[in-house]
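Content type PDB, C-alpha atoms and all ligand atoms, from the file query21.pdb:
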```pdb
ATOM      1  CA  THR A 121       7.385  -9.155 -27.852
ATOM      2  CA  LYS A 122       9.810  -8.489 -25.042
ATOM      3  CA  ILE A 123       8.136  -7.817 -21.708
ATOM      4  CA  ALA A 124       9.053  -7.084 -18.105
ATOM      5  CA  VAL A 125       6.851  -8.294 -15.251
ATOM      6  CA  PHE A 126       6.675  -6.043 -12.174
ATOM      7  CA  ALA A 127       5.672  -7.732  -8.891
ATOM      8  CA  SER A 128       5.901  -7.068  -5.155
ATOM      9  CA  GLY A 129       4.663 -10.347  -3.722
ATOM     10  CA  SER A 130       4.113 -13.997  -4.404
ATOM     11  CA  GLY A 131       4.279 -13.780  -8.178
ATOM     12  CA  SER A 132       1.694 -16.427  -9.002
ATOM     13  CA  ASN A 133       0.561 -14.340 -11.992
ATOM     14  CA  PHE A 134       4.139 -14.069 -13.201
ATOM     15  CA  GLN A 135       4.415 -17.843 -12.919
ATOM     16  CA  ALA A 136       1.172 -18.390 -14.839
ATOM     17  CA  ILE A 137       2.407 -16.119 -17.645
ATOM     18  CA  GLN A 138       5.780 -17.850 -17.826
ATOM     19  CA  GLU A 139       4.136 -21.284 -17.876
ATOM     20  CA  ALA A 140       1.811 -20.189 -20.701
ATOM     21  CA  ILE A 141       4.879 -19.021 -22.642
ATOM     22  CA  GLU A 142       6.568 -22.371 -22.108
ATOM     23  CA  ARG A 143       3.438 -24.199 -23.294
ATOM     24  CA  GLY A 144       3.634 -22.130 -26.476
ATOM     25  CA  GLU A 145       0.371 -20.297 -25.769
ATOM     26  CA  LEU A 146       1.863 -16.848 -25.473
ATOM     27  CA  ASN A 147       4.326 -15.467 -27.970
ATOM     28  CA  VAL A 148       6.295 -13.147 -25.680
ATOM     29  CA  LYS A 149       9.495 -13.321 -23.685
ATOM     30  CA  VAL A 150       9.871 -12.196 -20.072
ATOM     31  CA  GLU A 151      13.244 -10.454 -20.262
ATOM     32  CA  LEU A 152      13.231  -9.134 -16.713
ATOM     33  CA  VAL A 153      11.300  -9.341 -13.465
ATOM     34  CA  VAL A 154      11.260  -6.040 -11.582
ATOM     35  CA  THR A 155      10.483  -5.902  -7.873
ATOM     36  CA  ASP A 156      10.485  -3.215  -5.190
ATOM     37  CA  LYS A 157      10.692  -5.977  -2.539
ATOM     38  CA  PRO A 158      14.005  -7.830  -2.737
ATOM     39  CA  GLY A 159      12.687 -10.541  -0.363
ATOM     40  CA  ALA A 160       9.479 -11.259  -2.278
ATOM     41  CA  PHE A 161       8.751 -14.833  -3.359
ATOM     42  CA  VAL A 162       8.530 -13.686  -6.982
ATOM     43  CA  VAL A 163      12.343 -13.417  -6.911
ATOM     44  CA  THR A 164      12.649 -17.142  -6.160
ATOM     45  CA  ARG A 165      10.144 -17.959  -8.886
ATOM     46  CA  ALA A 166      12.085 -15.871 -11.424
ATOM     47  CA  GLU A 167      15.344 -17.559 -10.446
ATOM     48  CA  ASN A 168      13.715 -20.953 -10.951
ATOM     49  CA  PHE A 169      13.026 -19.933 -14.551
ATOM     50  CA  SER A 170      16.477 -18.340 -14.909
ATOM     51  CA  ILE A 171      14.919 -14.959 -15.625
ATOM     52  CA  PRO A 172      16.967 -11.914 -14.535
ATOM     53  CA  VAL A 173      15.615  -9.909 -11.593
ATOM     54  CA  LEU A 174      15.978  -6.204 -10.938
ATOM     55  CA  ALA A 175      15.324  -5.712  -7.212
ATOM     56  CA  LEU A 176      15.493  -2.042  -6.294
ATOM     57  CA  SER A 177      14.271  -0.669  -3.025
ATOM     58  CA  PRO A 178      12.636   2.749  -3.584
ATOM     59  CA  LYS A 179      14.069   3.820  -0.209
ATOM     60  CA  GLU A 180      17.496   3.896  -1.791
ATOM     61  CA  PHE A 181      16.463   6.710  -4.129
ATOM     62  CA  ALA A 182      15.927  10.372  -3.292
ATOM     63  CA  THR A 183      12.775  10.632  -5.391
ATOM     64  CA  LYS A 184      10.278   8.396  -7.141
ATOM     65  CA  ALA A 185      11.448   9.872 -10.448
ATOM     66  CA  ASP A 186      15.010   8.712  -9.700
ATOM     67  CA  TYR A 187      13.711   5.258  -8.788
ATOM     68  CA  GLU A 188      11.729   4.898 -11.996
ATOM     69  CA  THR A 189      14.584   6.311 -14.082
ATOM     70  CA  ALA A 190      16.835   3.542 -12.755
ATOM     71  CA  ILE A 191      14.205   0.978 -13.713
ATOM     72  CA  ILE A 192      13.867   2.469 -17.200
ATOM     73  CA  GLU A 193      17.616   2.186 -17.725
ATOM     74  CA  ALA A 194      17.435  -1.551 -17.066
ATOM     75  CA  LEU A 195      14.338  -1.941 -19.254
ATOM     76  CA  ARG A 196      16.162  -0.246 -22.138
ATOM     77  CA  LYS A 197      19.137  -2.546 -21.687
ATOM     78  CA  TYR A 198      16.853  -5.550 -22.155
ATOM     79  CA  ASP A 199      14.921  -3.887 -25.019
ATOM     80  CA  VAL A 200      11.689  -4.286 -23.088
ATOM     81  CA  GLU A 201       8.640  -3.154 -25.078
ATOM     82  CA  TRP A 202       5.761  -3.781 -22.674
ATOM     83  CA  ILE A 203       5.415  -3.667 -18.881
ATOM     84  CA  VAL A 204       3.098  -6.182 -17.227
ATOM     85  CA  LEU A 205       2.189  -5.351 -13.630
ATOM     86  CA  ALA A 206       1.312  -8.411 -11.545
ATOM     87  CA  GLY A 207       0.819  -7.517  -7.910
ATOM     88  CA  TYR A 208       3.140  -4.507  -8.080
ATOM     89  CA  MET A 209       2.036  -2.446  -5.099
ATOM     90  CA  ARG A 210       3.103   1.034  -6.229
ATOM     91  CA  LEU A 211       1.548   3.713  -8.340
ATOM     92  CA  ILE A 212       3.343   4.248 -11.635
ATOM     93  CA  SER A 213       4.344   7.874 -12.169
ATOM     94  CA  GLU A 214       4.583  10.123 -15.193
ATOM     95  CA  VAL A 215       8.219   9.085 -15.694
ATOM     96  CA  LEU A 216       7.452   5.433 -16.512
ATOM     97  CA  LEU A 217       4.153   6.285 -18.208
ATOM     98  CA  THR A 218       5.924   8.641 -20.599
ATOM     99  CA  ALA A 219       8.662   6.102 -21.329
ATOM    100  CA  PHE A 220       6.084   3.360 -22.115
ATOM    101  CA  PRO A 221       2.980   5.128 -23.447
ATOM    102  CA  GLN A 222       0.021   2.732 -23.748
ATOM    103  CA  ARG A 223       2.413  -0.104 -23.042
ATOM    104  CA  ILE A 224       1.752  -0.782 -19.349
ATOM    105  CA  VAL A 225      -0.983  -3.175 -18.214
ATOM    106  CA  ASN A 226      -2.204  -4.320 -14.805
ATOM    107  CA  ILE A 227      -4.452  -6.979 -13.307
ATOM    108  CA  HIS A 228      -6.786  -6.204 -10.430
ATOM    109  CA  PRO A 229      -8.907  -8.637  -8.391
ATOM    110  CA  SER A 230     -12.314  -6.968  -8.789
ATOM    111  CA  LEU A 231     -14.709  -5.869 -11.508
ATOM    112  CA  LEU A 232     -13.419  -2.307 -11.842
ATOM    113  CA  PRO A 233     -14.486   0.406 -11.274
ATOM    114  CA  ALA A 234     -15.745  -1.402  -8.156
ATOM    115  CA  PHE A 235     -13.254  -1.867  -5.315
ATOM    116  CA  PRO A 236     -10.046  -0.231  -6.567
ATOM    117  CA  GLY A 237      -6.958  -0.079  -4.370
ATOM    118  CA  LYS A 238      -5.763  -2.414  -1.671
ATOM    119  CA  ASP A 239      -7.531  -5.601  -0.593
ATOM    120  CA  ALA A 240     -10.161  -5.571  -3.321
ATOM    121  CA  ILE A 241     -11.311  -9.063  -2.311
ATOM    122  CA  GLY A 242     -11.785  -7.996   1.319
ATOM    123  CA  GLN A 243     -13.643  -4.884   0.149
ATOM    124  CA  ALA A 244     -15.979  -6.990  -1.998
ATOM    125  CA  MET A 245     -16.744  -9.427   0.837
ATOM    126  CA  GLU A 246     -17.252  -6.596   3.288
ATOM    127  CA  HIS A 247     -19.722  -5.002   0.895
ATOM    128  CA  GLY A 248     -21.590  -8.296   0.542
ATOM    129  CA  VAL A 249     -21.519  -8.531  -3.246
ATOM    130  CA  LYS A 250     -22.348 -11.975  -4.628
ATOM    131  CA  ILE A 251     -20.302 -11.611  -7.783
ATOM    132  CA  THR A 252     -16.897 -10.035  -8.073
ATOM    133  CA  GLY A 253     -14.146 -10.776 -10.547
ATOM    134  CA  VAL A 254     -10.953  -9.821 -12.296
ATOM    135  CA  THR A 255      -9.990  -6.890 -14.544
ATOM    136  CA  VAL A 256      -7.053  -6.411 -16.909
ATOM    137  CA  HIS A 257      -6.558  -2.735 -17.769
ATOM    138  CA  PHE A 258      -4.137  -0.191 -19.155
ATOM    139  CA  VAL A 259      -2.282   1.756 -16.491
ATOM    140  CA  ASP A 260      -2.592   5.501 -16.087
ATOM    141  CA  GLU A 261      -1.565   7.765 -13.225
ATOM    142  CA  GLY A 262      -4.587   6.780 -11.109
ATOM    143  CA  MET A 263      -5.134   3.837  -8.781
ATOM    144  CA  ASP A 264      -6.652   1.042 -10.930
ATOM    145  CA  THR A 265      -8.322   3.590 -13.213
ATOM    146  CA  GLY A 266      -7.052   3.058 -16.786
ATOM    147  CA  PRO A 267      -9.063   1.792 -19.780
ATOM    148  CA  ILE A 268     -10.389  -1.748 -19.357
ATOM    149  CA  ILE A 269      -9.037  -4.494 -21.632
ATOM    150  CA  ALA A 270     -10.720  -7.653 -20.283
ATOM    151  CA  GLN A 271     -12.904  -8.754 -17.391
ATOM    152  CA  ALA A 272     -14.214 -12.008 -15.947
ATOM    153  CA  ALA A 273     -16.801 -12.561 -13.229
ATOM    154  CA  VAL A 274     -16.156 -14.779 -10.207
ATOM    155  CA  SER A 275     -18.827 -15.780  -7.679
ATOM    156  CA  VAL A 276     -18.158 -14.940  -4.037
ATOM    157  CA  VAL A 277     -18.139 -18.034  -1.831
ATOM    158  CA  ASP A 278     -20.389 -16.807   0.988
ATOM    159  CA  GLY A 279     -18.442 -16.017   4.117
ATOM    160  CA  ASP A 280     -15.349 -17.833   2.856
ATOM    161  CA  ARG A 281     -12.592 -15.416   2.013
ATOM    162  CA  GLU A 282     -10.012 -18.089   1.342
ATOM    163  CA  ALA A 283     -12.151 -19.984  -1.159
ATOM    164  CA  THR A 284     -13.134 -16.731  -2.868
ATOM    165  CA  GLU A 285      -9.513 -15.701  -3.117
ATOM    166  CA  THR A 286      -8.519 -19.056  -4.589
ATOM    167  CA  ALA A 287     -11.242 -18.772  -7.237
ATOM    168  CA  ILE A 288     -10.168 -15.229  -8.123
ATOM    169  CA  HIS A 289      -6.492 -16.122  -8.442
ATOM    170  CA  LYS A 290      -7.377 -19.076 -10.653
ATOM    171  CA  GLU A 291      -9.368 -16.770 -12.945
ATOM    172  CA  GLU A 292      -6.563 -14.169 -12.927
ATOM    173  CA  HIS A 293      -4.082 -16.687 -14.261
ATOM    174  CA  VAL A 294      -6.385 -17.600 -17.147
ATOM    175  CA  LEU A 295      -7.576 -14.076 -17.968
ATOM    176  CA  TYR A 296      -4.164 -12.391 -17.865
ATOM    177  CA  THR A 297      -2.686 -14.940 -20.236
ATOM    178  CA  LYS A 298      -5.641 -14.599 -22.633
ATOM    179  CA  ALA A 299      -5.563 -10.797 -22.565
ATOM    180  CA  LEU A 300      -1.809 -10.708 -23.185
ATOM    181  CA  GLN A 301      -2.195 -13.156 -26.059
ATOM    182  CA  GLN A 302      -4.609 -10.798 -27.777
ATOM    183  CA  LEU A 303      -2.691  -7.650 -26.968
ATOM    184  CA  LEU A 304       0.821  -8.810 -27.803
ATOM    185  CA  LYS A 305       0.509 -11.146 -30.747
TER     186      LYS A 305
HETATM  187  C1  LIG A 401      -3.288 -10.391  -7.620
HETATM  188  O1  LIG A 401      -4.514 -10.608  -6.951
HETATM  189  C2  LIG A 401      -3.404  -9.179  -8.519
HETATM  190  O2  LIG A 401      -4.666  -9.037  -9.080
HETATM  191  C3  LIG A 401      -3.150  -8.056  -7.559
HETATM  192  O3  LIG A 401      -2.132  -8.538  -6.719
HETATM  193  C4  LIG A 401      -2.207  -9.964  -6.641
HETATM  194  C5  LIG A 401      -0.873 -10.523  -7.016
HETATM  195  O4  LIG A 401      -0.789 -11.911  -6.818
HETATM  196  N1  LIG A 401      -2.825  -6.845  -8.283
HETATM  197  P1  LIG A 401       0.506 -12.700  -7.284
HETATM  198  O5  LIG A 401       1.721 -12.002  -6.659
HETATM  199  O6  LIG A 401       0.565 -12.675  -8.778
HETATM  200  O7  LIG A 401       0.359 -14.091  -6.749
END
```

Would you mind writing the file's structure down as structure tokens?
Ligand code: GRF
Amino acid sequence: TKIAVFASGSGSNFQAIQEAIERGELNVKVELVVTDKPGAFVVTRAENFSIPVLALSPKEFATKADYETAIIEALRKYDVEWIVLAGYMRLISEVLLTAFPQRIVNIHPSLLPAFPGKDAIGQAMEHGVKITGVTVHFVDEGMDTGPIIAQAAVSVVDGDREATETAIHKEEHVLYTKALQQLLK
């Protein structure tokens, strides 16, 4: 299966997916990394794996529809079949959703429907929950609202945001790979 990974930041999930592919655990190919942040570290990671990067700043487009249409053009060129969001900090609109129906997935660092949106780990700590986690889900037009594919629980390390975050990221890397394996075999 040919996939594109969309990311806006560090890209540690992208890296985990690519490493799983190289270990032979995941039978997909990352054809393209798409980012809305040309300076993001994910670009460096993609270059290290010699994977092409499409870095388009939404500011350069008159509308979100134009922006997504430009992305779709590139995805078609690479015959991409599935879109894997990994820290992509934008809502996906009707344009991309229609072009890839039921073929866009996302990972979110909480047990949805708890703590959707930005800084889910901060939200969970602020709320004082003892257990949070990770969710892989299909993407719809909402913010972290689509049908759930897989979840894993992670214990909050009391008062220690950094340790909690490390534990969540570690679980993300395992869960995303597993979920993609099942979905895309
Ligand atoms: C992850 O916590 C993911 O769940 C969230 O954004 C973060 C991306 O991290 N959607 P990275 O860029 O993959 O390191």

Could you state which residues are captured by the PyMOL selection byres (((chain A and resi 185) around 12) and not hetatm) in this file, as a PyMOL selection string? chain A and resi 178+181-184+186-192+211-219

Could you list, with a cut-off of 8 Å and counting only C-alpha atoms and all ligand atoms, the residues of chain A near ligand LIG 401 (chain A), each shown with its nearest atom pair and the distance in Å rounded to one decimal, rows sorted by chain and ascending number, as JSON lines?
```
{"residue": "A:Ala127", "atom": "CA", "partner": "A:LIG401", "partner_atom": "O5", "distance": 6.2}
{"residue": "A:Ser128", "atom": "CA", "partner": "A:LIG401", "partner_atom": "O5", "distance": 6.6}
{"residue": "A:Gly129", "atom": "CA", "partner": "A:LIG401", "partner_atom": "O5", "distance": 4.5}
{"residue": "A:Ser130", "atom": "CA", "partner": "A:LIG401", "partner_atom": "O5", "distance": 3.8}
{"residue": "A:Gly131", "atom": "CA", "partner": "A:LIG401", "partner_atom": "O5", "distance": 3.5}
{"residue": "A:Ser132", "atom": "CA", "partner": "A:LIG401", "partner_atom": "O7", "distance": 3.5}
{"residue": "A:Asn133", "atom": "CA", "partner": "A:LIG401", "partner_atom": "O6", "distance": 3.6}
{"residue": "A:Phe134", "atom": "CA", "partner": "A:LIG401", "partner_atom": "O6", "distance": 5.9}
{"residue": "A:Gln135", "atom": "CA", "partner": "A:LIG401", "partner_atom": "O6", "distance": 7.7}
{"residue": "A:Val162", "atom": "CA", "partner": "A:LIG401", "partner_atom": "O5", "distance": 7.0}
{"residue": "A:Leu205", "atom": "CA", "partner": "A:LIG401", "partner_atom": "N1", "distance": 7.5}
{"residue": "A:Ala206", "atom": "CA", "partner": "A:LIG401", "partner_atom": "O6", "distance": 5.1}
{"residue": "A:Gly207", "atom": "CA", "partner": "A:LIG401", "partner_atom": "O3", "distance": 3.3}
{"residue": "A:Tyr208", "atom": "CA", "partner": "A:LIG401", "partner_atom": "N1", "distance": 6.4}
{"residue": "A:Met209", "atom": "CA", "partner": "A:LIG401", "partner_atom": "N1", "distance": 7.3}
{"residue": "A:Asn226", "atom": "CA", "partner": "A:LIG401", "partner_atom": "N1", "distance": 7.0}
{"residue": "A:Ile227", "atom": "CA", "partner": "A:LIG401", "partner_atom": "O2", "distance": 4.7}
{"residue": "A:His228", "atom": "CA", "partner": "A:LIG401", "partner_atom": "O2", "distance": 3.8}
{"residue": "A:Pro229", "atom": "CA", "partner": "A:LIG401", "partner_atom": "O2", "distance": 4.3}
{"residue": "A:Ser230", "atom": "CA", "partner": "A:LIG401", "partner_atom": "O2", "distance": 7.9}
{"residue": "A:Val254", "atom": "CA", "partner": "A:LIG401", "partner_atom": "O2", "distance": 7.1}
{"residue": "A:Thr255", "atom": "CA", "partner": "A:LIG401", "partner_atom": "O2", "distance": 7.9}
{"residue": "A:Ile288", "atom": "CA", "partner": "A:LIG401", "partner_atom": "O1", "distance": 7.4}
{"residue": "A:His289", "atom": "CA", "partner": "A:LIG401", "partner_atom": "O1", "distance": 6.0}
{"residue": "A:Glu292", "atom": "CA", "partner": "A:LIG401", "partner_atom": "O2", "distance": 6.7}
```

As AutoDock Vina command-line options, please: the centre and edge lengths in Å, to one decimal, of an axis-aligned box enclosing every listed atom of region 280-289 of chain A with 8 Å added on each side.
```
--center_x -10.9 --center_y -17.6 --center_z -2.8 --size_x 24.9 --size_y 20.8 --size_z 27.3
```

Nearest to Asp156 (chain A) among A:Thr121, A:Ser177, A:Gln271, A:Gln138, with distances taken over all atoms listed in the file: which residue is it?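 For Asp156 (chain A), the nearest of the candidates is A:Ser177.
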
Counting all atoms listed in the file, which of A:Arg196, A:Thr284, A:Glu180, A:Ala124 gets nearest to Ala166 (chain A)?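 Comparing A:Arg196, A:Thr284, A:Glu180, A:Ala124 against Ala166 (chain A), the winner is A:Ala124.
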